[in-house]
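**Student:** Dropping in query_11.pdb, which is PDB, C-alpha atoms:
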ATOM      1  CA  MET Y 156      43.819  23.715 -14.426  1.00  0.00           C
ATOM      2  CA  LYS Y 157      47.533  24.441 -14.975  1.00  0.00           C
ATOM      3  CA  ARG Y 158      46.556  27.196 -17.394  1.00  0.00           C
ATOM      4  CA  ILE Y 159      44.158  28.663 -14.801  1.00  0.00           C
ATOM      5  CA  LEU Y 160      46.911  28.639 -12.177  1.00  0.00           C
ATOM      6  CA  ALA Y 161      49.231  30.485 -14.557  1.00  0.00           C
ATOM      7  CA  ILE Y 162      46.569  33.156 -15.150  1.00  0.00           C
ATOM      8  CA  ILE Y 163      46.065  33.622 -11.394  1.00  0.00           C
ATOM      9  CA  ILE Y 164      49.809  33.961 -10.842  1.00  0.00           C
ATOM     10  CA  ALA Y 165      50.144  36.622 -13.528  1.00  0.00           C
ATOM     11  CA  ALA Y 166      47.114  38.589 -12.340  1.00  0.00           C
ATOM     12  CA  THR Y 167      48.126  38.511  -8.687  1.00  0.00           C
ATOM     13  CA  LEU Y 168      51.665  39.628  -9.370  1.00  0.00           C
ATOM     14  CA  ALA Y 169      50.338  42.519 -11.398  1.00  0.00           C
ATOM     15  CA  VAL Y 170      48.034  43.960  -8.752  1.00  0.00           C
ATOM     16  CA  ALA Y 171      48.959  42.691  -5.284  1.00  0.00           C
ATOM     17  CA  PRO Y 172      51.068  44.927  -3.066  1.00  0.00           C
ATOM     18  CA  ILE Y 173      53.790  43.523  -0.825  1.00  0.00           C
ATOM     19  CA  PHE Y 174      53.352  44.159   2.893  1.00  0.00           C
ATOM     20  CA  ALA Y 175      56.037  44.144   5.535  1.00  0.00           C
ATOM     21  CA  GLY Y 176      55.166  42.533   8.822  1.00  0.00           C
ATOM     22  CA  ASP Y 177      52.204  40.396   9.708  1.00  0.00           C
ATOM     23  CA  VAL Y 178      49.584  42.123   7.538  1.00  0.00           C
ATOM     24  CA  PRO Y 179      48.367  39.838   4.750  1.00  0.00           C
ATOM     25  CA  THR Y 180      47.315  40.508   1.193  1.00  0.00           C
ATOM     26  CA  LEU Y 181      43.767  39.342   0.469  1.00  0.00           C
ATOM     27  CA  VAL Y 182      43.010  37.576  -2.831  1.00  0.00           C
ATOM     28  CA  ASN Y 183      39.429  37.128  -4.095  1.00  0.00           C
ATOM     29  CA  LEU Y 184      39.482  33.864  -6.059  1.00  0.00           C
ATOM     30  CA  GLY Y 185      35.844  33.848  -7.140  1.00  0.00           C
ATOM     31  CA  PHE Y 186      32.487  32.112  -6.855  1.00  0.00           C
ATOM     32  CA  SER Y 187      30.977  28.958  -8.264  1.00  0.00           C
ATOM     33  CA  PRO Y 188      28.490  29.449 -11.167  1.00  0.00           C
ATOM     34  CA  ASP Y 189      25.487  29.345  -8.790  1.00  0.00           C
ATOM     35  CA  SER Y 190      27.233  31.600  -6.202  1.00  0.00           C
ATOM     36  CA  ALA Y 191      26.893  28.813  -3.631  1.00  0.00           C
ATOM     37  CA  TYR Y 192      30.644  28.676  -2.977  1.00  0.00           C
ATOM     38  CA  PHE Y 193      33.284  31.378  -2.554  1.00  0.00           C
ATOM     39  CA  LEU Y 194      37.054  30.983  -2.553  1.00  0.00           C
ATOM     40  CA  PHE Y 195      39.531  33.439  -1.074  1.00  0.00           C
ATOM     41  CA  GLY Y 196      43.110  33.412   0.093  1.00  0.00           C
ATOM     42  CA  GLN Y 197      45.599  35.540   1.983  1.00  0.00           C
ATOM     43  CA  TYR Y 198      49.365  35.592   2.228  1.00  0.00           C
ATOM     44  CA  GLY Y 199      52.149  37.551   3.866  1.00  0.00           C
ATOM     45  CA  LEU Y 200      55.199  37.432   6.123  1.00  0.00           C
ATOM     46  CA  ASP Y 201      54.998  36.246   9.707  1.00  0.00           C
ATOM     47  CA  ALA Y 202      56.025  39.161  11.927  1.00  0.00           C
ATOM     48  CA  SER Y 203      57.919  37.043  14.467  1.00  0.00           C
ATOM     49  CA  SER Y 204      59.873  34.811  12.075  1.00  0.00           C
ATOM     50  CA  GLY Y 205      59.829  36.642   8.751  1.00  0.00           C
ATOM     51  CA  PHE Y 206      58.732  33.388   7.073  1.00  0.00           C
ATOM     52  CA  PRO Y 207      56.125  33.466   4.256  1.00  0.00           C
ATOM     53  CA  TYR Y 208      52.682  32.101   5.077  1.00  0.00           C
ATOM     54  CA  ALA Y 209      49.425  31.574   3.207  1.00  0.00           C
ATOM     55  CA  GLU Y 210      45.858  30.538   3.925  1.00  0.00           C
ATOM     56  CA  LEU Y 211      43.147  29.354   1.535  1.00  0.00           C
ATOM     57  CA  TYR Y 212      39.425  29.131   2.360  1.00  0.00           C
ATOM     58  CA  LEU Y 213      36.520  27.603   0.409  1.00  0.00           C
ATOM     59  CA  VAL Y 214      33.233  28.842   1.870  1.00  0.00           C
ATOM     60  CA  ASP Y 215      29.725  27.451   1.518  1.00  0.00           C
ATOM     61  CA  ALA Y 216      28.051  30.837   1.049  1.00  0.00           C
ATOM     62  CA  LYS Y 217      24.548  29.527   1.758  1.00  0.00           C
ATOM     63  CA  ARG Y 218      25.537  27.937   5.078  1.00  0.00           C
ATOM     64  CA  ASN Y 219      28.145  30.533   6.069  1.00  0.00           C
ATOM     65  CA  ASP Y 220      30.589  27.734   6.789  1.00  0.00           C
ATOM     66  CA  PHE Y 221      33.609  26.071   5.227  1.00  0.00           C
ATOM     67  CA  VAL Y 222      33.207  23.078   2.956  1.00  0.00           C
ATOM     68  CA  LYS Y 223      34.829  19.837   4.067  1.00  0.00           C
ATOM     69  CA  ASP Y 224      38.623  20.151   3.715  1.00  0.00           C
ATOM     70  CA  GLY Y 225      38.043  23.742   2.605  1.00  0.00           C
ATOM     71  CA  VAL Y 226      40.652  25.300   4.917  1.00  0.00           C
ATOM     72  CA  ALA Y 227      44.358  25.084   4.092  1.00  0.00           C
ATOM     73  CA  ARG Y 228      47.313  26.824   5.756  1.00  0.00           C
ATOM     74  CA  PHE Y 229      51.029  26.864   5.086  1.00  0.00           C
ATOM     75  CA  THR Y 230      54.056  28.501   6.706  1.00  0.00           C
ATOM     76  CA  ALA Y 231      57.478  28.223   5.083  1.00  0.00           C
ATOM     77  CA  LYS Y 232      60.455  26.956   7.069  1.00  0.00           C
ATOM     78  CA  SER Y 233      62.846  29.677   5.959  1.00  0.00           C
ATOM     79  CA  PRO Y 234      62.716  33.391   5.114  1.00  0.00           C
ATOM     80  CA  LEU Y 235      62.699  34.836   1.611  1.00  0.00           C
ATOM     81  CA  GLU Y 236      65.671  36.343  -0.117  1.00  0.00           C
ATOM     82  CA  ALA Y 237      65.652  40.132  -0.501  1.00  0.00           C
ATOM     83  CA  GLY Y 238      63.215  41.273  -3.205  1.00  0.00           C
ATOM     84  CA  GLN Y 239      61.249  38.009  -3.317  1.00  0.00           C
ATOM     85  CA  ASP Y 240      57.453  37.893  -2.999  1.00  0.00           C
ATOM     86  CA  PRO Y 241      55.602  35.759  -0.388  1.00  0.00           C
ATOM     87  CA  VAL Y 242      52.755  35.167  -2.864  1.00  0.00           C
ATOM     88  CA  GLY Y 243      54.490  31.904  -3.774  1.00  0.00           C
ATOM     89  CA  ALA Y 244      53.161  30.424  -0.531  1.00  0.00           C
ATOM     90  CA  LEU Y 245      49.598  30.967  -1.806  1.00  0.00           C
ATOM     91  CA  PHE Y 246      50.387  29.452  -5.200  1.00  0.00           C
ATOM     92  CA  GLY Y 247      51.661  26.315  -3.469  1.00  0.00           C
ATOM     93  CA  LEU Y 248      48.462  25.978  -1.457  1.00  0.00           C
ATOM     94  CA  TYR Y 249      46.344  26.526  -4.561  1.00  0.00           C
ATOM     95  CA  ARG Y 250      48.261  23.817  -6.417  1.00  0.00           C
ATOM     96  CA  ASP Y 251      47.592  21.374  -3.577  1.00  0.00           C
ATOM     97  CA  ARG Y 252      43.851  22.175  -3.592  1.00  0.00           C
ATOM     98  CA  MET Y 253      43.257  22.260  -7.346  1.00  0.00           C
ATOM     99  CA  ALA Y 254      41.055  19.146  -7.240  1.00  0.00           C
ATOM    100  CA  LEU Y 255      38.763  20.755  -4.654  1.00  0.00           C
ATOM    101  CA  VAL Y 256      38.614  24.017  -6.610  1.00  0.00           C
ATOM    102  CA  SER Y 257      37.662  22.065  -9.724  1.00  0.00           C
ATOM    103  CA  LYS Y 258      35.044  20.021  -7.848  1.00  0.00           C
ATOM    104  CA  PHE Y 259      33.183  23.152  -6.746  1.00  0.00           C
ATOM    105  CA  ARG Y 260      33.662  24.787 -10.170  1.00  0.00           C
ATOM    106  CA  ILE Y 261      35.144  28.033  -8.860  1.00  0.00           C
ATOM    107  CA  ASP Y 262      35.281  30.681 -11.585  1.00  0.00           C
ATOM    108  CA  HIS Y 263      38.173  33.009 -10.816  1.00  0.00           C
ATOM    109  CA  LEU Y 264      36.661  35.787 -12.919  1.00  0.00           C
ATOM    110  CA  ALA Y 265      33.290  35.619 -11.103  1.00  0.00           C
ATOM    111  CA  GLN Y 266      34.397  37.733  -8.157  1.00  0.00           C
ATOM    112  CA  GLY Y 267      31.099  39.443  -7.373  1.00  0.00           C
ATOM    113  CA  ARG Y 268      30.467  43.170  -7.281  1.00  0.00           C
ATOM    114  CA  ILE Y 269      32.005  45.426  -4.642  1.00  0.00           C
ATOM    115  CA  LEU Y 270      29.306  47.389  -2.811  1.00  0.00           C
ATOM    116  CA  TYR Y 271      31.607  48.850  -0.159  1.00  0.00           C
ATOM    117  CA  LEU Y 272      35.385  49.152   0.149  1.00  0.00           C
ATOM    118  CA  LEU Y 273      37.411  50.581   3.038  1.00  0.00           C
ATOM    119  CA  VAL Y 274      40.523  52.018   1.403  1.00  0.00           C
ATOM    120  CA  ASP Y 275      43.839  51.556   3.209  1.00  0.00           C
ATOM    121  CA  GLY Y 276      44.509  54.565   5.415  1.00  0.00           C
ATOM    122  CA  GLU Y 277      40.847  55.483   5.864  1.00  0.00           C
ATOM    123  CA  ASN Y 278      39.262  55.242   9.293  1.00  0.00           C
ATOM    124  CA  PRO Y 279      36.419  52.722   9.607  1.00  0.00           C
ATOM    125  CA  ILE Y 280      32.968  54.208  10.120  1.00  0.00           C
ATOM    126  CA  ASP Y 281      29.950  52.813  11.911  1.00  0.00           C
ATOM    127  CA  PRO Y 282      27.284  52.513  10.752  1.00  0.00           C
ATOM    128  CA  ILE Y 283      28.316  51.909   7.152  1.00  0.00           C
ATOM    129  CA  SER Y 284      25.865  53.487   4.711  1.00  0.00           C
ATOM    130  CA  PHE Y 285      26.120  53.273   0.947  1.00  0.00           C
ATOM    131  CA  ARG Y 286      24.093  53.081  -2.257  1.00  0.00           C
ATOM    132  CA  ASP Y 287      24.328  50.388  -4.903  1.00  0.00           C
ATOM    133  CA  LEU Y 288      24.972  52.466  -8.006  1.00  0.00           C
ATOM    134  CA  ALA Y 289      23.825  49.644 -10.286  1.00  0.00           C
ATOM    135  CA  THR Y 290      20.377  49.166  -8.703  1.00  0.00           C
ATOM    136  CA  GLY Y 291      19.729  52.293  -6.659  1.00  0.00           C
ATOM    137  CA  ASP Y 292      19.246  50.202  -3.502  1.00  0.00           C
ATOM    138  CA  ARG Y 293      20.464  51.710  -0.229  1.00  0.00           C
ATOM    139  CA  TRP Y 294      22.271  49.734   2.459  1.00  0.00           C
ATOM    140  CA  THR Y 295      23.210  50.205   6.101  1.00  0.00           C
ATOM    141  CA  ALA Y 296      25.462  47.804   8.012  1.00  0.00           C
ATOM    142  CA  ILE Y 297      26.236  48.038  11.724  1.00  0.00           C
ATOM    143  CA  LEU Y 298      29.082  45.948  13.148  1.00  0.00           C
ATOM    144  CA  ARG Y 299      28.335  44.807  16.704  1.00  0.00           C
ATOM    145  CA  PRO Y 300      31.463  43.370  18.334  1.00  0.00           C
ATOM    146  CA  VAL Y 301      31.741  42.007  21.880  1.00  0.00           C
ATOM    147  CA  VAL Y 302      35.347  41.965  23.118  1.00  0.00           C
ATOM    148  CA  VAL Y 303      36.672  40.684  26.460  1.00  0.00           C
ATOM    149  CA  GLU Y 304      40.297  41.491  27.330  1.00  0.00           C
ATOM    150  CA  LYS Y 305      42.315  40.241  30.315  1.00  0.00           C
ATOM    151  CA  GLY Y 306      45.903  41.447  30.257  1.00  0.00           C
ATOM    152  CA  ASP Y 307      47.465  40.325  26.977  1.00  0.00           C
ATOM    153  CA  GLU Y 308      44.647  37.861  26.288  1.00  0.00           C
ATOM    154  CA  ALA Y 309      41.458  38.606  24.398  1.00  0.00           C
ATOM    155  CA  SER Y 310      38.344  36.853  23.129  1.00  0.00           C
ATOM    156  CA  SER Y 311      35.507  38.231  21.055  1.00  0.00           C
ATOM    157  CA  SER Y 312      32.479  37.687  18.860  1.00  0.00           C
ATOM    158  CA  PHE Y 313      30.414  39.852  16.542  1.00  0.00           C
ATOM    159  CA  SER Y 314      27.328  40.168  14.419  1.00  0.00           C
ATOM    160  CA  ILE Y 315      26.328  42.583  11.656  1.00  0.00           C
ATOM    161  CA  ASP Y 316      22.896  44.194  11.499  1.00  0.00           C
ATOM    162  CA  ILE Y 317      21.899  44.916   7.895  1.00  0.00           C
ATOM    163  CA  LYS Y 318      19.142  47.075   6.471  1.00  0.00           C
ATOM    164  CA  LEU Y 319      18.276  47.150   2.781  1.00  0.00           C
ATOM    165  CA  THR Y 320      15.966  49.753   1.278  1.00  0.00           C
ATOM    166  CA  THR Y 321      15.229  48.947  -2.347  1.00  0.00           C
ATOM    167  CA  LYS Y 322      14.814  51.587  -5.025  1.00  0.00           C
ATOM    168  CA  ALA Y 323      11.072  50.911  -4.826  1.00  0.00           C
ATOM    169  CA  GLY Y 324      11.089  51.706  -1.087  1.00  0.00           C
ATOM    170  CA  VAL Y 325      10.777  48.148   0.235  1.00  0.00           C
ATOM    171  CA  GLU Y 326      12.734  47.672   3.492  1.00  0.00           C
ATOM    172  CA  LYS Y 327      14.381  44.456   4.657  1.00  0.00           C
ATOM    173  CA  ALA Y 328      16.334  43.908   7.881  1.00  0.00           C
ATOM    174  CA  PHE Y 329      18.483  40.888   8.628  1.00  0.00           C
ATOM    175  CA  THR Y 330      21.680  39.824  10.443  1.00  0.00           C
ATOM    176  CA  ALA Y 331      25.005  38.293   9.450  1.00  0.00           C
ATOM    177  CA  GLY Y 332      27.462  36.570  11.750  1.00  0.00           C
ATOM    178  CA  ASN Y 333      27.034  34.570  14.939  1.00  0.00           C
ATOM    179  CA  PRO Y 334      27.328  36.562  18.191  1.00  0.00           C
ATOM    180  CA  THR Y 335      27.610  33.335  20.228  1.00  0.00           C
ATOM    181  CA  PHE Y 336      30.730  32.123  18.373  1.00  0.00           C
ATOM    182  CA  ILE Y 337      33.760  33.115  20.496  1.00  0.00           C
ATOM    183  CA  ARG Y 338      37.142  33.660  18.822  1.00  0.00           C
ATOM    184  CA  ASN Y 339      40.011  33.422  21.262  1.00  0.00           C
ATOM    185  CA  GLY Y 340      42.936  35.748  20.660  1.00  0.00           C
ATOM    186  CA  VAL Y 341      40.924  38.249  18.601  1.00  0.00           C
ATOM    187  CA  ARG Y 342      40.581  41.760  20.012  1.00  0.00           C
ATOM    188  CA  GLY Y 343      38.728  43.589  17.257  1.00  0.00           C
ATOM    189  CA  TYR Y 344      37.091  43.614  13.833  1.00  0.00           C
ATOM    190  CA  VAL Y 345      36.798  45.959  10.857  1.00  0.00           C
ATOM    191  CA  ILE Y 346      34.577  45.463   7.791  1.00  0.00           C
ATOM    192  CA  ARG Y 347      36.950  45.857   4.837  1.00  0.00           C
ATOM    193  CA  ARG Y 348      34.719  44.985   1.877  1.00  0.00           C
ATOM    194  CA  ILE Y 349      31.150  44.047   1.145  1.00  0.00           C
ATOM    195  CA  LEU Y 350      30.538  41.993  -2.008  1.00  0.00           C
ATOM    196  CA  LEU Y 351      27.332  41.093  -3.784  1.00  0.00           C
ATOM    197  CA  ALA Y 352      27.686  37.612  -5.277  1.00  0.00           C
ATOM    198  CA  PRO Y 353      26.951  37.131  -8.995  1.00  0.00           C
ATOM    199  CA  ASP Y 354      23.513  35.676  -8.150  1.00  0.00           C
ATOM    200  CA  GLY Y 355      22.470  39.037  -6.631  1.00  0.00           C
ATOM    201  CA  ARG Y 356      21.136  37.190  -3.562  1.00  0.00           C
ATOM    202  CA  THR Y 357      24.206  36.650  -1.415  1.00  0.00           C
ATOM    203  CA  LEU Y 358      26.237  39.200   0.554  1.00  0.00           C
ATOM    204  CA  VAL Y 359      29.847  38.535   1.495  1.00  0.00           C
ATOM    205  CA  PHE Y 360      31.420  40.598   4.276  1.00  0.00           C
ATOM    206  CA  ILE Y 361      35.210  40.534   4.264  1.00  0.00           C
ATOM    207  CA  VAL Y 362      36.204  41.286   7.835  1.00  0.00           C
ATOM    208  CA  GLU Y 363      39.624  42.169   9.176  1.00  0.00           C
ATOM    209  CA  LYS Y 364      40.259  40.590  12.560  1.00  0.00           C
ATOM    210  CA  LYS Y 365      42.985  41.858  14.885  1.00  0.00           C
ATOM    211  CA  LEU Y 366      44.949  39.111  16.583  1.00  0.00           C
ATOM    212  CA  ALA Y 367      46.292  40.004  20.020  1.00  0.00           C
ATOM    213  CA  ALA Y 368      50.083  39.645  20.327  1.00  0.00           C
ATOM    214  CA  LYS Y 369      52.662  40.979  22.773  1.00  0.00           C
ATOM    215  CA  GLY Y 370      54.763  42.526  20.028  1.00  0.00           C
ATOM    216  CA  GLY Y 371      51.759  44.253  18.423  1.00  0.00           C
ATOM    217  CA  ASP Y 372      48.519  43.149  16.842  1.00  0.00           C
ATOM    218  CA  SER Y 373      48.579  41.074  13.688  1.00  0.00           C
ATOM    219  CA  VAL Y 374      45.843  40.979  11.049  1.00  0.00           C
ATOM    220  CA  ARG Y 375      43.976  38.156   9.327  1.00  0.00           C
ATOM    221  CA  TYR Y 376      40.892  38.236   7.091  1.00  0.00           C
ATOM    222  CA  MET Y 377      37.713  36.205   7.387  1.00  0.00           C
ATOM    223  CA  VAL Y 378      34.311  36.275   5.689  1.00  0.00           C
ATOM    224  CA  GLU Y 379      30.706  36.202   6.786  1.00  0.00           C
ATOM    225  CA  THR Y 380      28.070  35.340   4.199  1.00  0.00           C
ATOM    226  CA  VAL Y 381      24.317  35.870   4.344  1.00  0.00           C
ATOM    227  CA  ARG Y 382      21.418  35.372   1.961  1.00  0.00           C
ATOM    228  CA  ILE Y 383      19.278  38.423   1.233  1.00  0.00           C
ATOM    229  CA  PRO Y 384      15.698  37.580   2.288  1.00  0.00           C
TER     230      PRO Y 384
END
Just give me the structure as structure tokens.

**Tutor:**
Amino acid sequence: MKRILAIIIAATLAVAPIFAGDVPTLVNLGFSPDSAYFLFGQYGLDASSGFPYAELYLVDAKRNDFVKDGVARFTAKSPLEAGQDPVGALFGLYRDRMALVSKFRIDHLAQGRILYLLVDGENPIDPISFRDLATGDRWTAILRPVVVEKGDEASSSFSIDIKLTTKAGVEKAFTAGNPTFIRNGVRGYVIRRILLAPDGRTLVFIVEKKLAAKGGDSVRYMVETVRIP
């Protein structure tokens, strides 16, 4: 596992940008061999304190829920020196959860296939329509948020309506997310990526959630998973 950690460190340093403020960098850490479990992390600098933070999530993709002890968070107690990278906070979390990662046999190279990607700087669109270039299938996804704001406070929920039209013309409609699950402090959502798991049967929506704050909204990432019927 030490060798795997070293590979992840090298790969992340090579491709991950450094963000100022409370906007994290997302890291796809892969699926288990049967695509039943998905691991991702995020890290950045806390806007109010300037301290590095990191979060690590191990998701049961079939249940759309976290595994037991699958959520880990860390915030440093001091700021970084100039030129240093907050990714170290994520490496520390990963080191502490290596036994759990090994138990669920996460393969860091099995990251799924990106079906949709919202590039930084582009405006989100709704509905999202795209074609899977590998299969010829066509997809439509509609994000349906419900947001309640009172002064500086906010709460919200969302669901995602999905329509799949296969190359053969077969249509399937289904829903991801739970519209009855209320998230306090969240004022909005944006679908950032849509992944197809290696099994070809599981969709992973990586969703940006906007956290309400007096000094300006912060960002965190979450995932919603759904099995293709």

**Student:** Residues at most 10 Å from Y:Gly267, counting all atoms listed in the file, excluding those fewer than 2 positions away in the same chain, as a PyMOL selection string?

**Tutor:** chain Y and resi 183+185-186+190+193+264-265+269-270+349-355+357-359

**Student:** I need the residues from that last selection saved to file as a short mmCIF file (atom, residue, chain, number, x, y, z; two decimals), keeping the file's coordinate frame (with C-alpha atoms), if you can.

**Tutor:**
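New file result_20.cif:
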data_model
loop_
_atom_site.label_atom_id
_atom_site.label_comp_id
_atom_site.auth_asym_id
_atom_site.auth_seq_id
_atom_site.Cartn_x
_atom_site.Cartn_y
_atom_site.Cartn_z
CA ASN Y 183 39.43 37.13 -4.10
CA GLY Y 185 35.84 33.85 -7.14
CA PHE Y 186 32.49 32.11 -6.86
CA SER Y 190 27.23 31.60 -6.20
CA PHE Y 193 33.28 31.38 -2.55
CA LEU Y 264 36.66 35.79 -12.92
CA ALA Y 265 33.29 35.62 -11.10
CA ILE Y 269 32.01 45.43 -4.64
CA LEU Y 270 29.31 47.39 -2.81
CA ILE Y 349 31.15 44.05 1.14
CA LEU Y 350 30.54 41.99 -2.01
CA LEU Y 351 27.33 41.09 -3.78
CA ALA Y 352 27.69 37.61 -5.28
CA PRO Y 353 26.95 37.13 -8.99
CA ASP Y 354 23.51 35.68 -8.15
CA GLY Y 355 22.47 39.04 -6.63
CA THR Y 357 24.21 36.65 -1.42
CA LEU Y 358 26.24 39.20 0.55
CA VAL Y 359 29.85 38.53 1.50
#

**Student:** Pick from Y:Val378, Y:Ile346, Y:Ala227, Y:Ala296: nearest to Y:Thr330, with only C-alpha atoms counted?

**Tutor:**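 Answer, going by the shortest atom-to-atom distance: Y:Ala296.
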
**Student:** Enumerate, as a ChimeraX atom specification, the protein, DNA and RNA residues whose atoms approach (37.8, 21.5, -6.7) to within 12 Å, taking into account only C-alpha atoms and the coordinate frame of the file.

**Tutor:** /Y:156,186-187,192-194,212-213,222-225,249-262

**Student:** Quick check on the file I pasted: which residues fall under the PyMOL selection byres ((chain Y and resi 291) around 12)? Write them as a PyMOL selection string.

**Tutor:** chain Y and resi 270+285-290+292-294+319-324

**Student:** May I ask for the distance between atom CA of Y:Ala191 and atom CA of Y:Gly247, given in Å to one decimal place?

**Tutor:**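 Rounded to one decimal, the two atoms are 24.9 Å apart.
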
**Student:** Please identify all polymer residues lying at most 10 Å from the point (32.8, 38.2, 19.0) (file coordinates), using all atoms listed in the file, and present the result as a PyMOL selection string.

**Tutor:** chain Y and resi 299-303+310-314+332-339+341-344

**Student:** What gap, in Å, lies between atom CA of Y:Lys305 and atom CA of Y:Asp372?

**Tutor:**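 Straight-line distance from atom CA of Y:Lys305 to atom CA of Y:Asp372 works out to 15.1 Å.
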
**Student:** Could you list, as a short mmCIF file (atom, residue, chain, number, x, y, z; two decimals) with C-alpha atoms, keeping the file's coordinate frame, every residue matched by the PyMOL selection byres ((chain Y and resi 376) around 10) in this structure?

**Tutor:**
data_model
loop_
_atom_site.label_atom_id
_atom_site.label_comp_id
_atom_site.auth_asym_id
_atom_site.auth_seq_id
_atom_site.Cartn_x
_atom_site.Cartn_y
_atom_site.Cartn_z
CA VAL Y 178 49.58 42.12 7.54
CA PRO Y 179 48.37 39.84 4.75
CA THR Y 180 47.32 40.51 1.19
CA LEU Y 181 43.77 39.34 0.47
CA PHE Y 195 39.53 33.44 -1.07
CA GLY Y 196 43.11 33.41 0.09
CA GLN Y 197 45.60 35.54 1.98
CA GLU Y 210 45.86 30.54 3.92
CA TYR Y 344 37.09 43.61 13.83
CA VAL Y 345 36.80 45.96 10.86
CA ILE Y 346 34.58 45.46 7.79
CA ARG Y 347 36.95 45.86 4.84
CA ILE Y 361 35.21 40.53 4.26
CA VAL Y 362 36.20 41.29 7.84
CA GLU Y 363 39.62 42.17 9.18
CA LYS Y 364 40.26 40.59 12.56
CA LYS Y 365 42.98 41.86 14.88
CA VAL Y 374 45.84 40.98 11.05
CA ARG Y 375 43.98 38.16 9.33
CA MET Y 377 37.71 36.20 7.39
CA VAL Y 378 34.31 36.28 5.69
#

**Student:** So what does the PyMOL selection byres ((chain Y and resi 206) around 7) actually pick up in this one, as number ranges by chain?

**Tutor:** Y: 200-201, 204-205, 207-208, 230-235

**Student:** Emit as JSON the padded axis-aligned box for all listed atoms of stretch 260-264 of chain Y, 5 Å per side, with centre and edge lengths in Å to one decimal.

**Tutor:**
{"center_x": 35.9, "center_y": 30.3, "center_z": -10.9, "size_x": 14.5, "size_y": 21.0, "size_z": 14.1}

**Student:** Kindly give the distance, in Å, that separates atom CA of Y:Arg382 and atom CA of Y:Lys217, rounded to a single decimal.

**Tutor:**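 Between these atoms lies a distance of 6.6 Å.
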